[in-house]
$ cat my_file16.cif   # mmCIF, C-alpha atoms
data_protein
loop_
_atom_site.label_atom_id
_atom_site.label_comp_id
_atom_site.auth_asym_id
_atom_site.auth_seq_id
_atom_site.Cartn_x
_atom_site.Cartn_y
_atom_site.Cartn_z
CA MET Z 1 25.07 71.45 76.67
CA ILE Z 2 25.49 67.87 75.44
CA LEU Z 3 26.97 67.83 71.94
CA LEU Z 4 26.72 64.66 69.85
CA ARG Z 5 28.24 64.01 66.45
CA HIS Z 6 25.96 61.98 64.18
CA GLY Z 7 26.53 58.26 63.65
CA ARG Z 8 28.77 56.87 60.96
CA SER Z 9 27.45 57.42 57.43
CA THR Z 10 27.82 55.86 53.98
CA LEU Z 11 30.21 58.55 52.74
CA ASN Z 12 32.27 58.14 55.92
CA ASP Z 13 32.65 54.45 55.06
CA ALA Z 14 33.63 55.41 51.51
CA GLY Z 15 36.37 57.68 52.88
CA CYS Z 16 34.88 60.79 51.27
CA TYR Z 17 34.34 64.38 52.30
CA GLN Z 18 30.68 65.20 52.86
CA GLY Z 19 30.57 68.87 53.78
CA SER Z 20 27.00 70.16 53.86
CA SER Z 21 25.85 67.81 51.08
CA ASP Z 22 22.91 65.60 51.97
CA HIS Z 23 23.60 62.48 49.93
CA SER Z 24 24.76 60.07 52.65
CA GLN Z 25 22.74 58.14 55.20
CA LEU Z 26 23.62 56.34 58.41
CA THR Z 27 25.15 52.91 58.05
CA ASP Z 28 23.87 50.02 60.15
CA LYS Z 29 26.80 50.60 62.48
CA GLY Z 30 25.88 54.28 62.71
CA ARG Z 31 22.28 53.44 63.62
CA VAL Z 32 23.36 50.97 66.31
CA ALA Z 33 25.78 53.50 67.81
CA SER Z 34 23.05 56.18 67.84
CA TRP Z 35 20.76 53.76 69.65
CA GLN Z 36 23.51 52.99 72.18
CA VAL Z 37 24.01 56.71 72.87
CA GLY Z 38 20.27 57.09 73.41
CA HIS Z 39 20.34 54.22 75.88
CA TYR Z 40 23.26 55.80 77.71
CA LEU Z 41 21.42 59.14 77.97
CA ARG Z 42 18.01 57.61 78.73
CA ASP Z 43 17.78 58.97 82.30
CA CYS Z 44 19.53 62.28 81.65
CA PRO Z 45 17.18 65.23 82.35
CA ILE Z 46 17.37 66.72 78.85
CA HIS Z 47 14.90 69.55 78.27
CA HIS Z 48 15.27 70.18 74.53
CA LEU Z 49 16.93 68.59 71.50
CA TYR Z 50 18.41 70.66 68.66
CA THR Z 51 19.59 69.08 65.42
CA SER Z 52 21.01 69.74 61.96
CA PRO Z 53 18.61 69.43 59.00
CA LEU Z 54 20.91 67.00 57.17
CA GLN Z 55 19.53 63.47 57.06
CA ARG Z 56 22.50 61.81 58.75
CA SER Z 57 21.76 63.92 61.85
CA GLN Z 58 18.01 63.43 61.50
CA GLN Z 59 18.49 59.65 61.36
CA THR Z 60 20.70 59.80 64.44
CA VAL Z 61 17.86 61.57 66.27
CA GLN Z 62 15.36 58.96 65.06
CA GLU Z 63 17.41 56.21 66.71
CA LEU Z 64 18.09 57.87 70.05
CA LEU Z 65 14.99 59.98 70.70
CA PRO Z 66 12.58 57.13 71.66
CA GLN Z 67 14.88 56.20 74.55
CA LEU Z 68 15.14 59.68 76.08
CA LYS Z 69 12.46 59.49 78.76
CA GLN Z 70 12.06 63.21 79.23
CA LEU Z 71 11.98 63.98 75.49
CA ARG Z 72 10.07 60.97 74.22
CA TRP Z 73 6.98 62.95 73.21
CA GLN Z 74 8.75 66.17 72.27
CA SER Z 75 9.68 67.11 68.71
CA PRO Z 76 13.32 68.00 68.03
CA ILE Z 77 14.14 71.53 66.90
CA THR Z 78 15.84 71.59 63.49
CA LEU Z 79 18.14 74.54 62.78
CA GLU Z 80 20.00 75.41 59.58
CA LEU Z 81 22.71 76.94 61.80
CA LEU Z 82 23.72 73.41 62.81
CA ARG Z 83 24.42 72.07 59.31
CA GLU Z 84 27.93 70.89 58.50
CA ILE Z 85 30.74 73.06 57.16
CA ASP Z 86 30.46 73.91 53.44
CA LEU Z 87 33.14 72.19 51.32
CA PRO Z 88 31.60 72.37 47.83
CA THR Z 89 34.74 71.57 45.82
CA TRP Z 90 35.59 68.51 47.92
CA GLU Z 91 32.14 67.00 48.47
CA GLY Z 92 32.09 63.36 47.37
CA LEU Z 93 35.86 63.17 46.83
CA ARG Z 94 38.00 60.67 48.70
CA TYR Z 95 40.37 62.02 51.34
CA GLU Z 96 43.48 60.85 49.49
CA GLU Z 97 42.22 62.33 46.22
CA VAL Z 98 41.79 65.74 47.86
CA LYS Z 99 45.35 65.63 49.21
CA THR Z 100 46.67 64.82 45.73
CA ARG Z 101 44.54 67.20 43.64
CA PHE Z 102 44.50 70.16 46.04
CA PRO Z 103 47.79 70.00 48.00
CA ASP Z 104 48.03 73.73 48.74
CA ALA Z 105 44.39 74.05 49.79
CA TYR Z 106 44.64 70.91 51.92
CA HIS Z 107 47.77 72.23 53.63
CA CYS Z 108 45.99 75.51 54.37
CA TRP Z 109 42.95 73.60 55.71
CA GLN Z 110 45.17 71.70 58.12
CA THR Z 111 47.59 74.43 59.20
CA ASN Z 112 45.74 77.74 58.75
CA PRO Z 113 42.04 76.85 58.76
CA GLU Z 114 40.99 80.46 59.40
CA GLN Z 115 42.47 81.41 55.99
CA PHE Z 116 41.11 78.40 54.12
CA ALA Z 117 39.12 79.45 51.01
CA MET Z 118 37.17 77.53 48.38
CA GLU Z 119 35.22 78.25 45.20
CA ARG Z 120 31.46 78.54 45.59
CA LYS Z 121 29.14 76.08 43.89
CA ARG Z 122 28.45 77.24 40.35
CA GLU Z 123 24.75 77.91 40.94
CA GLU Z 124 25.55 79.92 44.07
CA ALA Z 125 28.21 81.96 42.27
CA GLU Z 126 25.76 82.80 39.48
CA ASN Z 127 23.27 84.14 42.02
CA GLN Z 128 25.84 86.30 43.80
CA THR Z 129 25.43 90.07 43.52
CA THR Z 130 29.17 90.55 44.16
CA SER Z 131 32.12 89.37 42.10
CA ASN Z 132 33.57 87.36 44.99
CA SER Z 133 33.37 83.68 44.04
CA LEU Z 134 35.21 82.46 47.15
CA ILE Z 135 33.85 81.23 50.45
CA TYR Z 136 35.77 80.83 53.70
CA PRO Z 137 34.32 77.60 55.13
CA VAL Z 138 35.87 77.74 58.61
CA GLN Z 139 35.06 81.41 59.13
CA GLU Z 140 31.47 80.78 58.08
CA VAL Z 141 30.91 77.73 60.30
CA TYR Z 142 32.24 79.73 63.27
CA GLN Z 143 29.82 82.55 62.44
CA ARG Z 144 26.96 80.05 62.48
CA ALA Z 145 28.20 78.56 65.77
CA LYS Z 146 28.28 81.98 67.40
CA ALA Z 147 24.79 82.75 66.08
CA PHE Z 148 23.51 79.46 67.52
CA TRP Z 149 24.87 80.20 70.99
CA MET Z 150 23.67 83.80 70.96
CA THR Z 151 20.12 82.85 69.99
CA THR Z 152 19.86 79.65 72.04
CA LEU Z 153 21.59 80.28 75.38
CA PRO Z 154 19.27 83.10 76.56
CA LYS Z 155 16.21 80.90 75.93
CA HIS Z 156 17.22 78.06 78.24
CA PRO Z 157 18.60 79.22 81.61
CA GLY Z 158 19.08 76.32 84.00
CA GLU Z 159 18.22 73.71 81.35
CA THR Z 160 20.10 70.88 79.66
CA LEU Z 161 20.15 70.71 75.87
CA LEU Z 162 21.20 67.92 73.50
CA VAL Z 163 22.63 69.13 70.18
CA VAL Z 164 23.06 66.61 67.34
CA SER Z 165 25.29 67.91 64.58
CA HIS Z 166 28.52 67.31 62.63
CA GLY Z 167 32.26 67.17 63.24
CA SER Z 168 33.35 70.64 62.14
CA THR Z 169 30.18 72.28 63.41
CA ILE Z 170 30.56 70.72 66.85
CA GLN Z 171 34.20 71.78 66.97
CA ALA Z 172 33.16 75.33 66.10
CA LEU Z 173 30.54 75.18 68.86
CA VAL Z 174 33.14 73.95 71.36
CA ASN Z 175 35.73 76.56 70.42
CA THR Z 176 33.31 79.50 70.42
CA ALA Z 177 31.89 78.33 73.75
CA LEU Z 178 35.37 78.22 75.32
CA GLY Z 179 36.84 81.23 73.55
CA VAL Z 180 39.29 79.15 71.50
CA PRO Z 181 40.32 80.84 68.21
CA MET Z 182 39.44 79.20 64.90
CA GLU Z 183 43.18 78.81 64.24
CA GLN Z 184 42.93 75.81 66.59
CA HIS Z 185 40.03 74.22 64.70
CA HIS Z 186 41.82 70.87 64.36
CA CYS Z 187 43.24 70.65 67.91
CA MET Z 188 40.36 68.60 69.32
CA GLN Z 189 38.77 65.47 67.94
CA GLN Z 190 35.09 64.77 67.31
CA THR Z 191 34.43 61.08 66.63
CA HIS Z 192 31.19 59.72 65.19
CA SER Z 193 28.70 59.22 68.05
CA GLY Z 194 31.15 60.93 70.45
CA LEU Z 195 29.69 62.95 73.34
CA THR Z 196 30.97 66.32 74.54
CA VAL Z 197 29.61 68.24 77.56
CA ILE Z 198 29.94 72.00 78.15
CA ASP Z 199 28.45 73.99 81.03
CA PHE Z 200 27.65 77.71 80.88
CA SER Z 201 27.43 79.69 84.11
CA ALA Z 202 26.04 82.60 82.07
CA PRO Z 203 24.70 82.93 78.49
CA VAL Z 204 27.92 84.55 77.28
CA LEU Z 205 30.25 83.33 74.53
CA GLY Z 206 33.68 82.29 75.75
CA THR Z 207 32.49 81.44 79.28
CA GLY Z 208 31.81 77.75 78.72
CA HIS Z 209 33.47 75.05 80.83
CA LEU Z 210 34.47 71.82 79.08
CA HIS Z 211 33.73 68.81 81.31
CA LEU Z 212 33.83 65.99 78.78
CA LEU Z 213 35.24 65.73 75.27
CA ASN Z 214 34.51 63.04 72.70
CA LEU Z 215 33.36 60.24 75.01
CA THR Z 216 33.07 57.08 72.89
CA THR Z 217 32.85 54.40 75.58
CA PRO Z 218 29.00 54.28 75.35
CA ILE Z 219 29.39 52.79 71.85
CA GLY Z 220 32.08 50.32 72.90
CA GLU Z 221 35.15 52.31 71.76
CA ARG Z 222 37.42 52.59 74.78
CA LEU Z 223 39.93 54.72 72.88
CA PRO Z 224 38.78 57.07 70.11
CA LYS Z 225 40.01 56.17 66.66
CA LEU Z 226 43.01 58.17 65.50
CA LYS Z 227 41.67 60.75 63.07
CA ALA Z 228 45.16 61.79 61.95
CA GLY Z 229 46.27 58.20 61.28
CA ASN Z 230 47.96 55.38 63.16
CA GLN Z 231 51.35 56.99 63.56
CA GLY Z 232 53.21 59.22 65.96
CA LEU Z 233 52.73 59.15 69.69
CA ARG Z 234 49.57 58.71 71.75
CA LEU Z 235 49.87 60.04 75.29
CA MET Z 236 47.32 58.73 77.78
CA ILE Z 237 47.21 60.89 80.92
CA LEU Z 238 45.79 59.43 84.13
CA PRO Z 239 45.37 62.09 86.87
CA CYS Z 240 45.40 60.95 90.51
CA GLN Z 241 44.22 62.35 93.84
CA PRO Z 242 45.48 61.25 97.29
CA ASP Z 243 42.02 60.57 98.69
CA ILE Z 244 40.72 58.59 95.71
CA LYS Z 245 41.54 54.89 95.37
CA PRO Z 246 42.33 53.22 92.02
CA ASP Z 247 39.32 52.06 90.04
CA HIS Z 248 39.00 48.37 89.26
CA TRP Z 249 38.27 49.10 85.58
CA LEU Z 250 41.65 50.70 84.81
CA ALA Z 251 43.31 47.46 83.69
CA GLU Z 252 40.27 46.45 81.64
CA PHE Z 253 40.19 49.84 79.92
CA VAL Z 254 43.64 49.37 78.36
CA GLN Z 255 43.57 45.57 78.03
CA GLY Z 256 44.70 44.57 74.56
CA GLN Z 257 46.23 48.00 73.86
CA PRO Z 258 50.01 47.93 73.35
CA ILE Z 259 51.64 50.30 75.85
CA ALA Z 260 55.31 50.96 75.20
CA ALA Z 261 56.03 52.73 78.49
CA CYS Z 262 54.42 54.08 81.63
CA VAL Z 263 55.91 57.16 83.30
CA VAL Z 264 54.81 57.52 86.93
CA GLU Z 265 55.22 60.53 89.19
CA ASP Z 266 56.85 59.47 92.45
CA HIS Z 267 53.84 60.46 94.56
CA PRO Z 268 51.94 58.22 97.04
CA CYS Z 269 48.69 58.55 95.08
CA CYS Z 270 50.22 57.58 91.73
CA HIS Z 271 51.86 54.19 92.23
CA PRO Z 272 48.65 52.34 93.25
CA ASN Z 273 46.98 53.56 90.06
CA GLN Z 274 49.98 52.51 88.00
CA HIS Z 275 49.88 48.98 89.47
CA SER Z 276 46.14 48.69 88.86
CA LEU Z 277 46.43 50.06 85.33
CA LEU Z 278 49.20 47.71 84.18
CA ALA Z 279 47.78 44.50 85.65
CA HIS Z 280 47.57 42.99 82.13
CA HIS Z 281 50.77 44.64 80.85
CA PRO Z 282 53.73 42.97 82.61
CA GLU Z 283 55.93 43.73 79.57
CA THR Z 284 55.45 47.51 79.77
CA VAL Z 285 58.53 49.49 80.77
CA THR Z 286 57.80 51.61 83.86
CA LEU Z 287 59.78 54.69 84.84
CA SER Z 288 59.29 56.46 88.17
CA VAL Z 289 60.25 60.15 88.16
CA GLY Z 290 60.60 62.54 91.07
CA ARG Z 291 60.03 65.81 89.21
CA ALA Z 292 56.47 67.13 89.29
CA ASP Z 293 57.04 68.89 85.96
CA PHE Z 294 58.32 65.82 84.13
CA LEU Z 295 55.63 66.16 81.45
CA HIS Z 296 56.73 69.72 80.70
CA GLN Z 297 60.32 68.50 80.34
CA TRP Z 298 59.23 65.65 78.11
CA GLN Z 299 57.25 68.01 75.88
CA ARG Z 300 60.41 69.95 75.04
CA SER Z 301 62.15 66.87 73.66
CA LEU Z 302 59.11 65.50 71.87
CA GLU Z 303 59.79 67.09 68.46
CA GLN Z 304 63.16 65.36 68.26
CA SER Z 305 61.65 62.04 69.37
CA LEU Z 306 58.89 62.23 66.74
CA SER Z 307 61.39 62.98 63.97
CA GLN Z 308 63.26 59.76 64.81
CA MET Z 309 60.16 57.54 64.86
CA PRO Z 310 59.06 55.47 61.82
CA SER Z 311 56.31 57.38 59.99
CA SER Z 312 53.96 54.38 60.01
CA LYS Z 313 54.35 53.42 63.66
CA LEU Z 314 52.17 54.40 66.62
CA ILE Z 315 53.65 54.37 70.12
CA THR Z 316 51.40 54.62 73.17
CA VAL Z 317 52.77 56.01 76.44
CA VAL Z 318 50.86 56.40 79.71
CA ALA Z 319 51.62 59.17 82.19
CA VAL Z 320 50.32 58.70 85.74
CA CYS Z 321 50.62 61.89 87.78
CA HIS Z 322 48.97 64.15 90.34
CA GLN Z 323 45.84 65.83 89.03
CA ALA Z 324 47.19 69.37 89.50
CA HIS Z 325 50.37 68.55 87.57
CA ALA Z 326 48.38 66.93 84.75
CA GLU Z 327 46.17 70.03 84.49
CA SER Z 328 49.22 72.30 84.39
CA PHE Z 329 50.73 70.27 81.55
CA LEU Z 330 47.49 70.20 79.56
CA GLN Z 331 47.11 73.95 79.95
CA GLY Z 332 50.57 74.40 78.46
CA VAL Z 333 49.66 72.23 75.48
CA MET Z 334 46.15 73.55 74.80
CA GLY Z 335 46.64 77.16 75.86
CA ARG Z 336 43.85 77.17 78.45
CA ARG Z 337 42.93 75.42 81.67
CA LEU Z 338 40.79 72.31 81.26
CA PRO Z 339 39.65 70.68 84.54
CA LEU Z 340 40.53 66.99 84.76
CA MET Z 341 38.78 64.25 86.67
CA PRO Z 342 40.87 61.85 88.78
CA ASN Z 343 40.95 58.26 87.53
CA ALA Z 344 39.67 59.32 84.10
CA PHE Z 345 41.74 59.27 80.90
CA THR Z 346 42.67 62.29 78.85
CA ILE Z 347 44.40 61.42 75.58
CA LEU Z 348 46.65 63.51 73.33
CA HIS Z 349 47.80 62.38 69.89
CA TYR Z 350 51.03 63.75 68.41
CA PRO Z 351 50.78 62.69 64.73
CA SER Z 352 54.18 63.98 63.56
CA THR Z 353 56.60 66.86 63.78
CA GLY Z 354 55.20 70.23 62.82
CA ILE Z 355 51.59 69.25 63.56
CA ARG Z 356 49.83 70.46 66.68
CA PRO Z 357 48.84 67.74 69.15
CA ILE Z 358 45.20 66.67 68.98
CA LEU Z 359 43.14 66.32 72.16
CA GLN Z 360 41.30 63.09 71.44
CA THR Z 361 39.25 62.81 74.60
CA LEU Z 362 38.95 64.51 77.98
CA ASN Z 363 37.84 62.74 81.20
CA SER Z 364 36.93 59.44 79.56
CA LYS Z 365 35.71 56.51 81.63
CA PRO Z 366 34.12 53.19 80.64
CA VAL Z 367 30.37 52.79 80.85
CA PRO Z 368 28.14 49.69 80.66
CA ILE Z 369 27.42 48.92 77.00
CA LYS Z 370 23.93 47.97 75.84
CA ARG Z 371 24.01 45.77 72.73
#
$ encode --input "my_file16.cif" --output "structure tokens"
Amino acid sequence: MILLRHGRSTLNDAGCYQGSSDHSQLTDKGRVASWQVGHYLRDCPIHHLYTSPLQRSQQTVQELLPQLKQLRWQSPITLELLREIDLPTWEGLRYEEVKTRFPDAYHCWQTNPEQFAMERKREEAENQTTSNSLIYPVQEVYQRAKAFWMTTLPKHPGETLLVVSHGSTIQALVNTALGVPMEQHHCMQQTHSGLTVIDFSAPVLGTGHLHLLNLTTPIGERLPKLKAGNQGLRLMILPCQPDIKPDHWLAEFVQGQPIAACVVEDHPCCHPNQHSLLAHHPETVTLSVGRADFLHQWQRSLEQSLSQMPSSKLITVVAVCHQAHAESFLQGVMGRRLPLMPNAFTILHYPSTGIRPILQTLNSKPVPIKR
């Protein structure tokens, strides 16, 4: 399963919530990014394409479909199940306005999404046979995600599907595929035109394997934009294996990115990667540590460190360590095992104290960009 969030839209540029409204269209940047994703996937053996009915997803498909060799003459399958989360009260409102006008609801949306409730649209409430005027947006989008998997997986054994949808819907698809509860709805990031790949060994919910999360390098974004804002700490994890040499692109990948510190496990496979990575960062402080569980130890002191950091400052730290130790640390943070690729970046963002870390990308590598 290849999951793709639609390209950037006009309401995205306006800084507004869209929900399942259908008023926005792709921007020029969104169209170009959709084309770039299509070029990146051009030789991928995709058997079927599923998409949301909303026009920002439909326009994304229009840009990428002509480049998909195997799907060029095949019509996409449009499903209502893939529409975006319903946020009727917030649709068209700017993000900052929502925080100001609905502080309690916004706090619930961020911290307890499974309990998040909202008034129905007036016309929907009038047509209701019950007196309940509330909807539970996150619960409902997860119900649709489960219904999509249950109806789609049995139809396509051994095939590869491309699904074009929206941020919250894709996150619900990822979480239901992996068996992650909706309480963790905001713990992974879905960037516009970001690619996520999940494999199923059987058509059963909760048995998916996440291989790639939110890859944005095909559209020229080496590091995903920080959804929760440019503050806190960004941890870039680089797993290493003894029999795999450093890649030449490591230094290029982080060139121009301020790196405050690099913590390196004192293991023979780690130091060569550290030297390759920091070729353009002679000013970066490097600390070599002998403990294999140094990331676990660091995690315990993180809350105190975040509380002492300026609220408007972002600090980037790189951790270079053995693949097995990186996977163990990530499992402790995310609550489940996520296989990591050596010499590929996995990035966690810690926005501030009291907020769960956000997995921005998993197993990200650069790719040639077509412009």
$ atom_distance --input "my_file16.cif" --atom1 "CA of Tyr95 in chain Z" --atom2 "CA of Asp13 in chain Z"
11.4 Å
$ closest_atom_pairs --input "my_file16.cif" --of "range 67-118 of chain Z" --to "range 36-53 of chain Z" --cutoff "10 Å" --atoms "all atoms listed in the file" --output "CSV"
residue,atom,partner,partner_atom,distance
Z:Gln67,CA,Z:Arg42,CA,5.4
Z:Leu68,CA,Z:Arg42,CA,4.4
Z:Lys69,CA,Z:Arg42,CA,5.9
Z:Gln70,CA,Z:Pro45,CA,6.3
Z:Leu71,CA,Z:His47,CA,6.9
Z:Arg72,CA,Z:Arg42,CA,9.7
Z:Gln74,CA,Z:His48,CA,8.0
Z:Ser75,CA,Z:Leu49,CA,7.9
Z:Pro76,CA,Z:Leu49,CA,5.0
Z:Ile77,CA,Z:Tyr50,CA,4.7
Z:Thr78,CA,Z:Thr51,CA,4.9
Z:Leu79,CA,Z:Ser52,CA,5.7
Z:Glu80,CA,Z:Pro53,CA,6.2
Z:Leu81,CA,Z:Ser52,CA,7.4
Z:Leu82,CA,Z:Ser52,CA,4.6
Z:Arg83,CA,Z:Ser52,CA,4.9
Z:Glu84,CA,Z:Ser52,CA,7.8
$ atom_distance --input "my_file16.cif" --atom1 "CA of Gly15 in chain Z" --atom2 "CA of Ser168 in chain Z"
16.2 Å
$ resolve_selection --input "my_file16.cif" --expression "the PyMOL selection byres ((chain Z and resi 221-237) around 7)" --output "PyMOL selection string"
chain Z and resi 191+216-217+219-220+238-239+253+306+311-320+345-352+360+366
$ write_last_selection --input "my_file16.cif" --atoms "C-alpha atoms" --output "PDB file, in the frame of the given file"
ATOM      1  CA  THR Z 191      34.430  61.080  66.630  1.00  0.00           C
ATOM      2  CA  THR Z 216      33.070  57.080  72.890  1.00  0.00           C
ATOM      3  CA  THR Z 217      32.850  54.400  75.580  1.00  0.00           C
ATOM      4  CA  ILE Z 219      29.390  52.790  71.850  1.00  0.00           C
ATOM      5  CA  GLY Z 220      32.080  50.320  72.900  1.00  0.00           C
ATOM      6  CA  LEU Z 238      45.790  59.430  84.130  1.00  0.00           C
ATOM      7  CA  PRO Z 239      45.370  62.090  86.870  1.00  0.00           C
ATOM      8  CA  PHE Z 253      40.190  49.840  79.920  1.00  0.00           C
ATOM      9  CA  LEU Z 306      58.890  62.230  66.740  1.00  0.00           C
ATOM     10  CA  SER Z 311      56.310  57.380  59.990  1.00  0.00           C
ATOM     11  CA  SER Z 312      53.960  54.380  60.010  1.00  0.00           C
ATOM     12  CA  LYS Z 313      54.350  53.420  63.660  1.00  0.00           C
ATOM     13  CA  LEU Z 314      52.170  54.400  66.620  1.00  0.00           C
ATOM     14  CA  ILE Z 315      53.650  54.370  70.120  1.00  0.00           C
ATOM     15  CA  THR Z 316      51.400  54.620  73.170  1.00  0.00           C
ATOM     16  CA  VAL Z 317      52.770  56.010  76.440  1.00  0.00           C
ATOM     17  CA  VAL Z 318      50.860  56.400  79.710  1.00  0.00           C
ATOM     18  CA  ALA Z 319      51.620  59.170  82.190  1.00  0.00           C
ATOM     19  CA  VAL Z 320      50.320  58.700  85.740  1.00  0.00           C
ATOM     20  CA  PHE Z 345      41.740  59.270  80.900  1.00  0.00           C
ATOM     21  CA  THR Z 346      42.670  62.290  78.850  1.00  0.00           C
ATOM     22  CA  ILE Z 347      44.400  61.420  75.580  1.00  0.00           C
ATOM     23  CA  LEU Z 348      46.650  63.510  73.330  1.00  0.00           C
ATOM     24  CA  HIS Z 349      47.800  62.380  69.890  1.00  0.00           C
ATOM     25  CA  TYR Z 350      51.030  63.750  68.410  1.00  0.00           C
ATOM     26  CA  PRO Z 351      50.780  62.690  64.730  1.00  0.00           C
ATOM     27  CA  SER Z 352      54.180  63.980  63.560  1.00  0.00           C
ATOM     28  CA  GLN Z 360      41.300  63.090  71.440  1.00  0.00           C
ATOM     29  CA  PRO Z 366      34.120  53.190  80.640  1.00  0.00           C
TER      30      PRO Z 366
END
$ residues_around --input "my_file16.cif" --residues "His185 in chain Z" --least-positions-apart "6" --cutoff "9 Å" --atoms "all atoms listed in the file" --output "PyMOL selection string"
chain Z and resi 110+112-114+138+168+171-172+175
$ closest_residue --input "my_file16.cif" --among "Z:Trp149, Z:Trp109, Z:Tyr17, Z:Phe329" --to "Glu97 in chain Z" --atoms "only C-alpha atoms"
Z:Tyr17
$ resolve_selection --input "my_file16.cif" --expression "the PyMOL selection byres ((chain Z and resi 270) around 12)" --output "JSON, numbers by chain"
{"Z": [237, 238, 239, 240, 241, 242, 243, 244, 245, 246, 262, 263, 264, 265, 266, 267, 268, 269, 271, 272, 273, 274, 275, 276, 277, 288, 289, 290, 292, 319, 320, 321, 322, 323, 325, 326, 342, 343]}
$ resolve_selection --input "my_file16.cif" --expression "the PyMOL selection byres ((chain Z and resi 199) around 12)" --output "PyMOL selection string"
chain Z and resi 1-3+153+157-161+174+177-178+196-198+200-212
$ atom_distance --input "my_file16.cif" --atom1 "CA of Lys29 in chain Z" --atom2 "CA of His192 in chain Z"
10.5 Å
$ residues_near_point --input "my_file16.cif" --point "(29.0, 59.5, 64.5)" --cutoff "8 Å" --atoms "all atoms listed in the file" --output "PyMOL selection string"
chain Z and resi 4-9+30+33-34+191-194
$ write_last_selection --input "my_file16.cif" --atoms "C-alpha atoms" --output "PDB file, in the coordinates of the input"
ATOM      1  CA  LEU Z   4      26.720  64.660  69.850  1.00  0.00           C
ATOM      2  CA  ARG Z   5      28.240  64.010  66.450  1.00  0.00           C
ATOM      3  CA  HIS Z   6      25.960  61.980  64.180  1.00  0.00           C
ATOM      4  CA  GLY Z   7      26.530  58.260  63.650  1.00  0.00           C
ATOM      5  CA  ARG Z   8      28.770  56.870  60.960  1.00  0.00           C
ATOM      6  CA  SER Z   9      27.450  57.420  57.430  1.00  0.00           C
ATOM      7  CA  GLY Z  30      25.880  54.280  62.710  1.00  0.00           C
ATOM      8  CA  ALA Z  33      25.780  53.500  67.810  1.00  0.00           C
ATOM      9  CA  SER Z  34      23.050  56.180  67.840  1.00  0.00           C
ATOM     10  CA  THR Z 191      34.430  61.080  66.630  1.00  0.00           C
ATOM     11  CA  HIS Z 192      31.190  59.720  65.190  1.00  0.00           C
ATOM     12  CA  SER Z 193      28.700  59.220  68.050  1.00  0.00           C
ATOM     13  CA  GLY Z 194      31.150  60.930  70.450  1.00  0.00           C
TER      14      GLY Z 194
END
$ closest_residue --input "my_file16.cif" --among "Z:Leu362, Z:Tyr136, Z:Thr111, Z:Ser301" --to "Gln184 in chain Z" --atoms "all atoms listed in the file"
Z:Thr111
$ closest_residue --input "my_file16.cif" --among "Z:Gln257, Z:Ser165, Z:Asn363, Z:Ser24" --to "Val61 in chain Z" --atoms "only C-alpha atoms"
Z:Ser165
$ closest_residue --input "my_file16.cif" --among "Z:Gln62, Z:Thr89, Z:Asn214, Z:Gln331" --to "Ser21 in chain Z" --atoms "all atoms listed in the file"
Z:Thr89
$ residues_around --input "my_file16.cif" --residues "Ala117 in chain Z" --least-positions-apart "3" --cutoff "12 Å" --atoms "all atoms listed in the file" --output "list in words"
Asp86, Leu87, Pro88, Thr89, Trp90, Phe102, Asp104, Ala105, Tyr106, His107, Cys108, Trp109, Asn112, Pro113, Glu114, Arg120, Asn132, Ser133, Leu134, Ile135, Tyr136, Pro137, Val138, Gln139 and Glu140 of chain Z
$ write_last_selection --input "my_file16.cif" --atoms "C-alpha atoms" --output "short mmCIF file (atom, residue, chain, number, x, y, z; two decimals), keeping the file's coordinate frame"
data_model
loop_
_atom_site.label_atom_id
_atom_site.label_comp_id
_atom_site.auth_asym_id
_atom_site.auth_seq_id
_atom_site.Cartn_x
_atom_site.Cartn_y
_atom_site.Cartn_z
CA ASP Z 86 30.46 73.91 53.44
CA LEU Z 87 33.14 72.19 51.32
CA PRO Z 88 31.60 72.37 47.83
CA THR Z 89 34.74 71.57 45.82
CA TRP Z 90 35.59 68.51 47.92
CA PHE Z 102 44.50 70.16 46.04
CA ASP Z 104 48.03 73.73 48.74
CA ALA Z 105 44.39 74.05 49.79
CA TYR Z 106 44.64 70.91 51.92
CA HIS Z 107 47.77 72.23 53.63
CA CYS Z 108 45.99 75.51 54.37
CA TRP Z 109 42.95 73.60 55.71
CA ASN Z 112 45.74 77.74 58.75
CA PRO Z 113 42.04 76.85 58.76
CA GLU Z 114 40.99 80.46 59.40
CA ARG Z 120 31.46 78.54 45.59
CA ASN Z 132 33.57 87.36 44.99
CA SER Z 133 33.37 83.68 44.04
CA LEU Z 134 35.21 82.46 47.15
CA ILE Z 135 33.85 81.23 50.45
CA TYR Z 136 35.77 80.83 53.70
CA PRO Z 137 34.32 77.60 55.13
CA VAL Z 138 35.87 77.74 58.61
CA GLN Z 139 35.06 81.41 59.13
CA GLU Z 140 31.47 80.78 58.08
#
$ closest_residue --input "my_file16.cif" --among "Z:Leu11, Z:Thr100, Z:Leu65, Z:Ile85" --to "Leu162 in chain Z" --atoms "all atoms listed in the file"
Z:Leu65
